[in-house]
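Below is one structure; the comments refer to it alone.
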Amino acid sequence: MIGSESISSPLQAGSNLNTEDAALFEPHTEIVILREFDVKKNGRNRRITLEVHRTPLPETGLPNNDNSHAFNEKTFLRISKFNYFGFKNKLAKVYNYTGQSIHSDDASIVSQDATEYNDYTPTIVSAQPSSRNTNSAHSYSPTPGNRNSNALLTVPESDTENNSIASPPRVHTKDPSRWVSRYLLDLDRVQISSLTDKRVTVNLRYKADKDSEERHFVFISEHEAKDFRDTTQHEKIQERARAQSKLASALQSAGLRYQAKNIAAFETERLEFLVEIVGAEDLAAEDLTSSDPYVVCQFGDQILHKTKYISKNLNPVFTLRKNAFFLWSVTVKDLFVEADGIGERHEVLGAATVPAKDIFNAKEERLCYLLKPITIGKKTKGHNKGKIAIRIRRATEHDKEFLATYEEYRKKNATTGILSKADKSKKKERGEHGVSALRSFTETKVRTFIGDDGCKSLKYKAMPRPDPQKTTETEWMSTQEIETNVMKPSRKYEYIGNGKIARVYLEILSCDNLPNMEGVMGRFGNKTDGFVQIVYEDCICKTEVVDDKNNPRFLPWTRRAFVLHTNYPSSVINLGVFDYDPGAALINDHDLIGRASVDVTNLRPGTEYMLNYTLHNTSIIQKKRKSNLGTIKIRLRIEVDDPRAYLLASLQLPPSIYVNSSSSKDFECVHQTCCGEYNMNRYSLDTIKELVDELQNHQRIYYYIYYFMRALILWRGSHTVSILGKQFSVPVNSICTFLMAIKLVENPHLLPSFSFLTIGFVLMYSMAWRNTHPSPWWRCPNFLQLAKILAFGNSAGLEPEMIAENERAEEAACFDNKWTELIESAEKKTAARALEVAKEQGELQKELDDVGGADAEITSKVGPRVNLNPLQVAKKYLFPIQQMLVSACEWTRFAKNILLWEESYYSFWVTLLSFILAFVSFFVPWVFIIKWTARITAWLLFGPLMKIVDVYVLTSDDETAAESEAKAQEADRLGRKKSMEKMIEGARVRNELSYKLRDFKQYFFGKFLTKVSILKADRFIDIPLSTSTATPYNNKISFVGGDLVTSDAAANRERGQHLTGLMIPIVKEKDEILGAVVEEHNLDSAPIESMKMGGAICIAATMTYFLVPFLIYMVKSSAKYLDI
């Protein structure tokens, strides 16, 4: 039930409403009186009534031959007291001994949780249900409207065939209209403990959460005392039978036939559910224009859970922070018999009831229910508007543990993720987070040592600390000794992430020529305190801090080596170099020095790369891009267990990935590592100009197309062929284009096939141009190599490569300078031509102005209006344009990367798909399809059949035509509405999952979120410097620091920030790190099946193209032969 925080509900206002009894007392409820007894309790007159409440069951649409199931029957014990004063009590209805209401206006019976009513006058009869084998009906059953009628009481005859004894009506000396109902108790709350003469000892439980209280009742005679005991026990047996019958019927209607046949063993089974309040939509506004909604879940008279309210929202989404989850334990009997599901009822924006069948069978699916008003007595509250959505499933041990842990976390009001590493900044340990500025300034870091030969040498203090195994030898080292130690294998790798398709071994070795970021302190000898932040998919990690070094060296015994587990082949490793600043985040943030992106897409397994990159402050904004920020050196290798799975993993575009940080300082580091110094999602006119400039720069592709087409048309050589020791340049591209052109002219129906073939050839030419670049760092896996991997799997992996330092560096520089000069020359010519045209247009406009203009404007001029803040006014219109420009730039970068084989795996799939479509289209009879489509269209649209349409469809009276048109418009409107609702519903579900994921990630990993781009989203791609190298590496045995890596490394693996699960997600479990067998990627099955189907289609098309004409020829030849 949806409530509003701004309106006090009946429960909040203090009334003790028993919703179970209120639900029972509906206008169609009958009360059947079984027995009445006059007793004394502690010397006071009391009246005990055994009565059955009968409520018609809702229609289920199921066949039901048992009339007893047409009513919901429940037996109660009513205890009444005598009103001696006879005044009208506003808090009570006064009943005579027949049960007829004497005071029925705006009165309500209030009890101590035993019963409570609101303005209800039940239909009271004495007739017993047809399913009971008891006495016939008594005739003291006046209708509710006939309040003054006197019932003629008759004494029923005794029934010797059963144990029930009829209690004869008696004439009371006191006014019977003064009996006031005090308690209404379920028989389950009544236990008879003893019977002594006329005295009956009864244990009564007035409240569900209270213990039983012992009461003593003295009856008029011993006969009545025994009658009360026997009738009560008999009704308990009947109640038990009715409950089992109702439970069996409910289980059968829920499709649980086996459980319905074994009720005795099944009804006491305790079910534990995890319930999630997902959200509500289209709620009614209680506060003029909005509401502050919250949800209360109630089962019977028990409030199960209450969420927090969401301020000013008519479409709330309840997440972990809003107490959306709770556990609920209930027996099968209580679920299907005692109440009708989880009901929501509070100060009411609307209420909904979840059927027991839905609860029992729920398996995390999103259940949506309409909100309706609720009626209690004569008062109706709520609105017939809105929906509520929930999810339910059986609770697991993980769910219980999670909710218990989260409750403690919430009470502490913590913001640090429970799975994030503890912040050790308070320890002030050297190398962990740097040292204080004063200590760094006063500490000696360079000493002069005199060797055995008497020569002096400078030695530097090992930063951040010496080798723990050789402290004395490594505390002070020369420059050569430091460089030698840096190149040694790392002692320990940190395993991070959840990926399965590959592992990237990354070592941060050194940085060179970093700027001094210490500002004023730099004048007194203080230098940059550098560290490197690493972000890869859902993995974040960082090195230790090296104090006071503009050329920091990360030694092998420090934290510098990481094993990053890969999920997507196109992922890039983002490296950010920062200057460490101690102190609070609001005062000192770590200063970004520069960043670089390492593209592992075109790197080959089995190769150890020594890569050098130039650091830049941004990779998007050209005007603010700095390149004098130093360089970074890393050592990297990649291991792929299944090359085919690695290739197939690129068939699906990766989802958005977010990583969390526990502190704002770490968040700034992660964000700047991924995005650089400038935020493109923040409104700025400079950002808009840069985005427009980037889109305009894509016009440069015109020059590449121009030079390519000129070489193609002029039959210039594109491939080199060696004949008899001589090199010849053969225009292969021109030859293929010529053959395709002459074939297409003679066979126009091949246009679709040749169009796809052209796309494939363009990508192949782009790949060839890239691989012929002199620089080896521009090369990418070619199409044939990737096709071989796809066809043969592990046996056809990419071979390791060997790249020397400065290999063909001069040729690469000349090649780049040549293309740069060609483009700049063409741009200068274009700019000069544009300037000349603009000058001519200016002269023309001047001549026109001299003669009064082309069209003279004679209207009065309007004075300028005052605009107080034009930038803020323009933000409303320009910021959406900026967001669209950002999206357009991202998509154009992605398309450019595919065209230029930066995203080599996606380029391969586009090329392969183009060739497959070209092959399939070649066998499609386009002429036949087009000809017959045109014939059918001509006959149907312009033929004589349209006259029949005009006579029998369009020609009719005006009323029929108007009605038909109205129906068509209504159907069209309903179709659009349905489509819109489906679209809105899909967007809402996605937003619900996003909000829920945000809260869970904040709980597990930290408060601050950063989006990590998997695809290459940078405008400028970082290419390794020519000083980088590559050497083959034996990847069959992995060594780390000279020691063979064992499975014990998995125990120290830091899991990534990937969550799995729908309701309460869990952190993805650790998988095998270095095992020879890796689980197959979840993307394998679908692509392989698609490829098999595509291969079958190609084979079928080929056989059809060649075999069908042959079979036709054979049939014709056979027929001709038979005729002869």
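Residues in the structure tokens are numbered from 1 in each chain, the chains being A, B, ... in the order shown, and ligands are numbered from 1 in the order shown.
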Problem set entry | Residues flagged helix (DSSP H, G or I) by DSSP in range 716-947 of chain A, as a PyMOL selection string | chain A and resi 732-746+748-771+776-778+783-796+809-850+870-899+904-922+926-942+945-947
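Computed from the coordinates, the CA of Val732 in chain A to CA of Glu903 in chain A distance equals 25.9 Å.
With distances restricted to only C-alpha atoms, A:Met764 is the closest residue to Phe908 in chain A from A:Met764, A:Ile508, A:Ala961, A:Val721.
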Exercise. Smallest atom-to-atom distance to Pro464 in chain A: which of A:Val545, A:Ala962, A:Leu648, A:Leu367, using only C-alpha atoms?
Worked result: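 Closest to Pro464 in chain A, using only C-alpha atoms: A:Val545.
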Exercise. Which residues come within 12 Å of range 830-839 of chain A, counting only C-alpha atoms, excluding same-chain residues fewer than 5 positions away, as a VMD selection string?
Worked result: chain A and resid 699 to 700 702 to 703 823 to 825 844 to 846
Let's have the selection written as a PDB file, in the first residue's frame, with N, CA, C and O atoms.
```
ATOM      1  N   GLN A 699      36.143  16.275 -41.942  1.00  0.00           N
ATOM      2  CA  GLN A 699      36.133  16.575 -43.377  1.00  0.00           C
ATOM      3  C   GLN A 699      37.450  16.200 -44.041  1.00  0.00           C
ATOM      4  O   GLN A 699      37.519  16.106 -45.264  1.00  0.00           O
ATOM      5  N   ARG A 700      38.464  15.962 -43.191  1.00  0.00           N
ATOM      6  CA  ARG A 700      39.750  15.568 -43.760  1.00  0.00           C
ATOM      7  C   ARG A 700      39.672  14.240 -44.503  1.00  0.00           C
ATOM      8  O   ARG A 700      40.542  13.938 -45.327  1.00  0.00           O
ATOM      9  N   TYR A 702      37.869  13.590 -46.738  1.00  0.00           N
ATOM     10  CA  TYR A 702      37.698  13.913 -48.156  1.00  0.00           C
ATOM     11  C   TYR A 702      39.030  13.844 -48.889  1.00  0.00           C
ATOM     12  O   TYR A 702      39.103  13.342 -50.035  1.00  0.00           O
ATOM     13  N   TYR A 703      40.098  14.301 -48.239  1.00  0.00           N
ATOM     14  CA  TYR A 703      41.405  14.311 -48.899  1.00  0.00           C
ATOM     15  C   TYR A 703      41.931  12.893 -49.072  1.00  0.00           C
ATOM     16  O   TYR A 703      42.538  12.563 -50.109  1.00  0.00           O
ATOM     17  N   ILE A 823      47.942  16.896 -46.723  1.00  0.00           N
ATOM     18  CA  ILE A 823      46.662  17.381 -46.205  1.00  0.00           C
ATOM     19  C   ILE A 823      46.728  18.877 -45.934  1.00  0.00           C
ATOM     20  O   ILE A 823      45.792  19.622 -46.263  1.00  0.00           O
ATOM     21  N   GLU A 824      47.845  19.335 -45.359  1.00  0.00           N
ATOM     22  CA  GLU A 824      47.962  20.767 -45.095  1.00  0.00           C
ATOM     23  C   GLU A 824      47.986  21.563 -46.386  1.00  0.00           C
ATOM     24  O   GLU A 824      47.388  22.653 -46.468  1.00  0.00           O
ATOM     25  N   SER A 825      48.644  21.022 -47.384  1.00  0.00           N
ATOM     26  CA  SER A 825      48.665  21.710 -48.677  1.00  0.00           C
ATOM     27  C   SER A 825      47.269  21.793 -49.284  1.00  0.00           C
ATOM     28  O   SER A 825      46.848  22.850 -49.778  1.00  0.00           O
ATOM     29  N   LEU A 844      30.442  41.874 -54.016  1.00  0.00           N
ATOM     30  CA  LEU A 844      29.083  41.891 -54.543  1.00  0.00           C
ATOM     31  C   LEU A 844      28.123  42.533 -53.552  1.00  0.00           C
ATOM     32  O   LEU A 844      27.260  43.337 -53.936  1.00  0.00           O
ATOM     33  N   GLN A 845      28.253  42.215 -52.281  1.00  0.00           N
ATOM     34  CA  GLN A 845      27.363  42.780 -51.264  1.00  0.00           C
ATOM     35  C   GLN A 845      27.575  44.284 -51.141  1.00  0.00           C
ATOM     36  O   GLN A 845      26.612  45.044 -50.945  1.00  0.00           O
ATOM     37  N   LYS A 846      28.820  44.709 -51.267  1.00  0.00           N
ATOM     38  CA  LYS A 846      29.109  46.145 -51.201  1.00  0.00           C
ATOM     39  C   LYS A 846      28.450  46.884 -52.357  1.00  0.00           C
ATOM     40  O   LYS A 846      27.877  47.972 -52.171  1.00  0.00           O
TER      41      LYS A 846
END
```
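Between CA of Ser663 in chain A and CA of Ile632 in chain A there is a distance of 26.1 Å.
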Problem set entry | Residue contacts of Leu1009 in chain A (7 Å, only C-alpha atoms) excluding same-chain residues fewer than 6 positions away, as a list of chain:residue names | A:Tyr658, A:Val659, A:Asn660, A:Ser661
Exercise. Quick one, how far is CA of Leu695 in chain A from CA of Ile759 in chain A?
Worked result: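 We find that CA of Leu695 in chain A and CA of Ile759 in chain A lie 22.7 Å from each other.
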Exercise. Excluding same-chain residues fewer than 2 positions from Val190 in chain A, what lies within 12 Å of it counting only C-alpha atoms, as a ChimeraX atom specification?
Worked result: /A:50,75-79,114,183-188,192-193,201-208,211-215,229,232-233,235-236
Selection above as a file: N, CA and C atoms, as a tab-separated table (two decimals), in the first residue's frame:
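Written output follows (selection-v9.tsv):
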```tsv
chain	number	residue	atom	x	y	z
A	50	LEU	N	-20.53	-17.78	20.87
A	50	LEU	CA	-19.79	-18.47	19.81
A	50	LEU	C	-20.50	-18.19	18.50
A	75	THR	N	-14.71	-19.06	12.92
A	75	THR	CA	-15.43	-19.07	14.19
A	75	THR	C	-14.71	-18.16	15.18
A	76	PHE	N	-15.50	-17.34	15.91
A	76	PHE	CA	-14.96	-16.40	16.89
A	76	PHE	C	-15.67	-16.60	18.22
A	77	LEU	N	-15.02	-16.17	19.26
A	77	LEU	CA	-15.60	-16.11	20.60
A	77	LEU	C	-15.74	-14.65	20.99
A	78	ARG	N	-16.99	-14.23	21.24
A	78	ARG	CA	-17.26	-12.84	21.63
A	78	ARG	C	-17.55	-12.79	23.13
A	79	ILE	N	-16.93	-11.84	23.80
A	79	ILE	CA	-17.17	-11.61	25.23
A	79	ILE	C	-17.79	-10.23	25.38
A	114	ALA	N	-8.35	-7.60	20.11
A	114	ALA	CA	-9.17	-8.76	19.86
A	114	ALA	C	-10.14	-8.51	18.72
A	183	TYR	N	-14.64	-8.11	23.49
A	183	TYR	CA	-13.57	-8.82	22.81
A	183	TYR	C	-14.16	-9.74	21.75
A	184	LEU	N	-13.43	-9.88	20.66
A	184	LEU	CA	-13.77	-10.84	19.61
A	184	LEU	C	-12.49	-11.62	19.31
A	185	LEU	N	-12.44	-12.88	19.75
A	185	LEU	CA	-11.22	-13.67	19.70
A	185	LEU	C	-11.35	-14.82	18.72
A	186	ASP	N	-10.31	-15.02	17.93
A	186	ASP	CA	-10.19	-16.22	17.10
A	186	ASP	C	-10.07	-17.42	18.03
A	187	LEU	N	-10.67	-18.55	17.64
A	187	LEU	CA	-10.60	-19.74	18.49
A	187	LEU	C	-9.18	-20.24	18.68
A	188	ASP	N	-8.27	-19.88	17.77
A	188	ASP	CA	-6.89	-20.27	17.97
A	188	ASP	C	-6.29	-19.58	19.19
A	192	ILE	N	-9.03	-23.97	26.48
A	192	ILE	CA	-9.70	-24.38	27.73
A	192	ILE	C	-8.76	-25.32	28.48
A	193	SER	N	-8.38	-24.92	29.68
A	193	SER	CA	-7.40	-25.70	30.45
A	193	SER	C	-8.05	-26.66	31.43
A	201	THR	N	-11.83	-22.80	33.33
A	201	THR	CA	-10.61	-21.99	33.27
A	201	THR	C	-10.15	-21.92	31.81
A	202	VAL	N	-10.01	-20.71	31.32
A	202	VAL	CA	-9.69	-20.47	29.91
A	202	VAL	C	-8.45	-19.59	29.82
A	203	ASN	N	-7.53	-19.94	28.87
A	203	ASN	CA	-6.37	-19.10	28.56
A	203	ASN	C	-6.69	-18.31	27.29
A	204	LEU	N	-6.71	-17.01	27.43
A	204	LEU	CA	-7.05	-16.11	26.32
A	204	LEU	C	-5.83	-15.29	25.93
A	205	ARG	N	-5.58	-15.23	24.62
A	205	ARG	CA	-4.49	-14.40	24.11
A	205	ARG	C	-5.11	-13.24	23.36
A	206	TYR	N	-5.14	-12.08	24.02
A	206	TYR	CA	-5.84	-10.93	23.45
A	206	TYR	C	-5.07	-10.31	22.29
A	207	LYS	N	-3.74	-10.38	22.32
A	207	LYS	CA	-2.91	-9.81	21.25
A	207	LYS	C	-1.99	-10.88	20.71
A	208	ALA	N	-1.70	-10.76	19.41
A	208	ALA	CA	-0.89	-11.79	18.76
A	208	ALA	C	0.52	-11.83	19.32
A	211	ASP	N	1.51	-12.80	25.59
A	211	ASP	CA	1.27	-14.12	26.16
A	211	ASP	C	-0.19	-14.27	26.55
A	212	SER	N	-0.59	-15.54	26.72
A	212	SER	CA	-1.97	-15.82	27.12
A	212	SER	C	-2.20	-15.40	28.58
A	213	GLU	N	-3.45	-15.03	28.85
A	213	GLU	CA	-3.86	-14.66	30.20
A	213	GLU	C	-4.96	-15.62	30.65
A	214	GLU	N	-4.85	-16.04	31.90
A	214	GLU	CA	-5.81	-17.01	32.44
A	214	GLU	C	-7.05	-16.29	32.97
A	215	ARG	N	-8.25	-16.80	32.59
A	215	ARG	CA	-9.50	-16.24	33.05
A	215	ARG	C	-10.40	-17.39	33.53
A	229	ARG	N	-17.61	-26.13	26.70
A	229	ARG	CA	-16.36	-26.83	26.40
A	229	ARG	C	-16.50	-27.68	25.14
A	232	THR	N	-16.91	-25.59	21.90
A	232	THR	CA	-15.64	-24.95	21.51
A	232	THR	C	-14.70	-25.96	20.86
A	233	GLN	N	-14.56	-27.15	21.46
A	233	GLN	CA	-13.69	-28.16	20.87
A	233	GLN	C	-14.21	-28.62	19.51
A	235	GLU	N	-15.97	-26.85	17.39
A	235	GLU	CA	-15.73	-25.79	16.41
A	235	GLU	C	-14.26	-25.70	16.03
A	236	LYS	N	-13.38	-26.05	16.95
A	236	LYS	CA	-11.96	-26.05	16.59
A	236	LYS	C	-11.68	-27.15	15.57
```
For this session: Excluding range 974-990 of chain A and residues on its chain fewer than 6 positions from it, collect all residues at most 12 Å away from it, counting only C-alpha atoms, and give them as a list of chain:residue names.
Result: A:Val278, A:Gly279, A:Ala280, A:Glu281, A:Asp282, A:Asn315, A:Pro316, A:Val317, A:Glu365, A:Arg366, A:Leu367, A:Cys368, A:Lys387, A:Ala389, A:Ile390, A:Lys967, A:Ala968, A:Lys996, A:Leu997
For this session: Can you work out which one of A:Ile31, A:Val180, A:Ala791, A:Leu274 has the shortest atom-to-atom distance to Ile48 in chain A, counting only C-alpha atoms?
Result: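 Result for the nearest residue to Ile48 in chain A: A:Val180.
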For this session: Could you please write out, as a PyMOL selection string, every residue of range 710-840 of chain A that DSSP assigns to strand (DSSP E or B)?
Result: chain A and resi 719-723+726-730+803
Kindly export the residues of the current selection with N, CA, C and O atoms, as an mmCIF file, in the first residue's frame.
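Dumped everything to selection-v1.cif:
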```cif
data_model
loop_
_atom_site.group_PDB
_atom_site.id
_atom_site.type_symbol
_atom_site.label_atom_id
_atom_site.label_comp_id
_atom_site.auth_asym_id
_atom_site.auth_seq_id
_atom_site.Cartn_x
_atom_site.Cartn_y
_atom_site.Cartn_z
ATOM 1 N N HIS A 719 49.979 -2.831 -55.213
ATOM 2 C CA HIS A 719 50.615 -4.005 -54.634
ATOM 3 C C HIS A 719 51.939 -4.233 -55.355
ATOM 4 O O HIS A 719 52.036 -4.063 -56.581
ATOM 5 N N THR A 720 52.928 -4.649 -54.598
ATOM 6 C CA THR A 720 54.270 -4.897 -55.158
ATOM 7 C C THR A 720 54.453 -6.381 -55.407
ATOM 8 O O THR A 720 54.169 -7.208 -54.532
ATOM 9 N N VAL A 721 54.922 -6.705 -56.617
ATOM 10 C CA VAL A 721 55.147 -8.096 -57.002
ATOM 11 C C VAL A 721 56.592 -8.236 -57.457
ATOM 12 O O VAL A 721 57.128 -7.388 -58.186
ATOM 13 N N SER A 722 57.221 -9.323 -57.013
ATOM 14 C CA SER A 722 58.620 -9.580 -57.377
ATOM 15 C C SER A 722 58.666 -10.614 -58.495
ATOM 16 O O SER A 722 58.158 -11.732 -58.338
ATOM 17 N N ILE A 723 59.273 -10.228 -59.636
ATOM 18 C CA ILE A 723 59.415 -11.119 -60.785
ATOM 19 C C ILE A 723 60.868 -11.077 -61.237
ATOM 20 O O ILE A 723 61.388 -10.016 -61.612
ATOM 21 N N LYS A 726 63.087 -8.548 -59.702
ATOM 22 C CA LYS A 726 62.738 -7.155 -59.876
ATOM 23 C C LYS A 726 61.369 -6.886 -59.257
ATOM 24 O O LYS A 726 60.479 -7.727 -59.319
ATOM 25 N N GLN A 727 61.224 -5.699 -58.681
ATOM 26 C CA GLN A 727 59.978 -5.309 -58.031
ATOM 27 C C GLN A 727 59.097 -4.543 -59.023
ATOM 28 O O GLN A 727 59.553 -3.589 -59.654
ATOM 29 N N PHE A 728 57.857 -4.986 -59.113
ATOM 30 C CA PHE A 728 56.899 -4.323 -59.985
ATOM 31 C C PHE A 728 55.677 -3.924 -59.147
ATOM 32 O O PHE A 728 55.192 -4.698 -58.314
ATOM 33 N N SER A 729 55.169 -2.739 -59.426
ATOM 34 C CA SER A 729 53.973 -2.240 -58.742
ATOM 35 C C SER A 729 52.766 -2.505 -59.631
ATOM 36 O O SER A 729 52.658 -1.967 -60.742
ATOM 37 N N VAL A 730 51.844 -3.336 -59.125
ATOM 38 C CA VAL A 730 50.700 -3.780 -59.910
ATOM 39 C C VAL A 730 49.445 -3.095 -59.381
ATOM 40 O O VAL A 730 49.184 -3.107 -58.168
ATOM 41 N N ILE A 803 59.988 -6.568 -32.226
ATOM 42 C CA ILE A 803 60.138 -5.173 -32.647
ATOM 43 C C ILE A 803 61.333 -4.600 -31.905
ATOM 44 O O ILE A 803 61.391 -4.620 -30.670
#
```
For this session: Tell me which protein, DNA and RNA residues are within 6 Å of range 775-783 of chain A, counting only C-alpha atoms, leaving out same-chain ones fewer than 3 positions away, and put them as a PyMOL selection string.
Result: chain A and resi 602+771+786+812
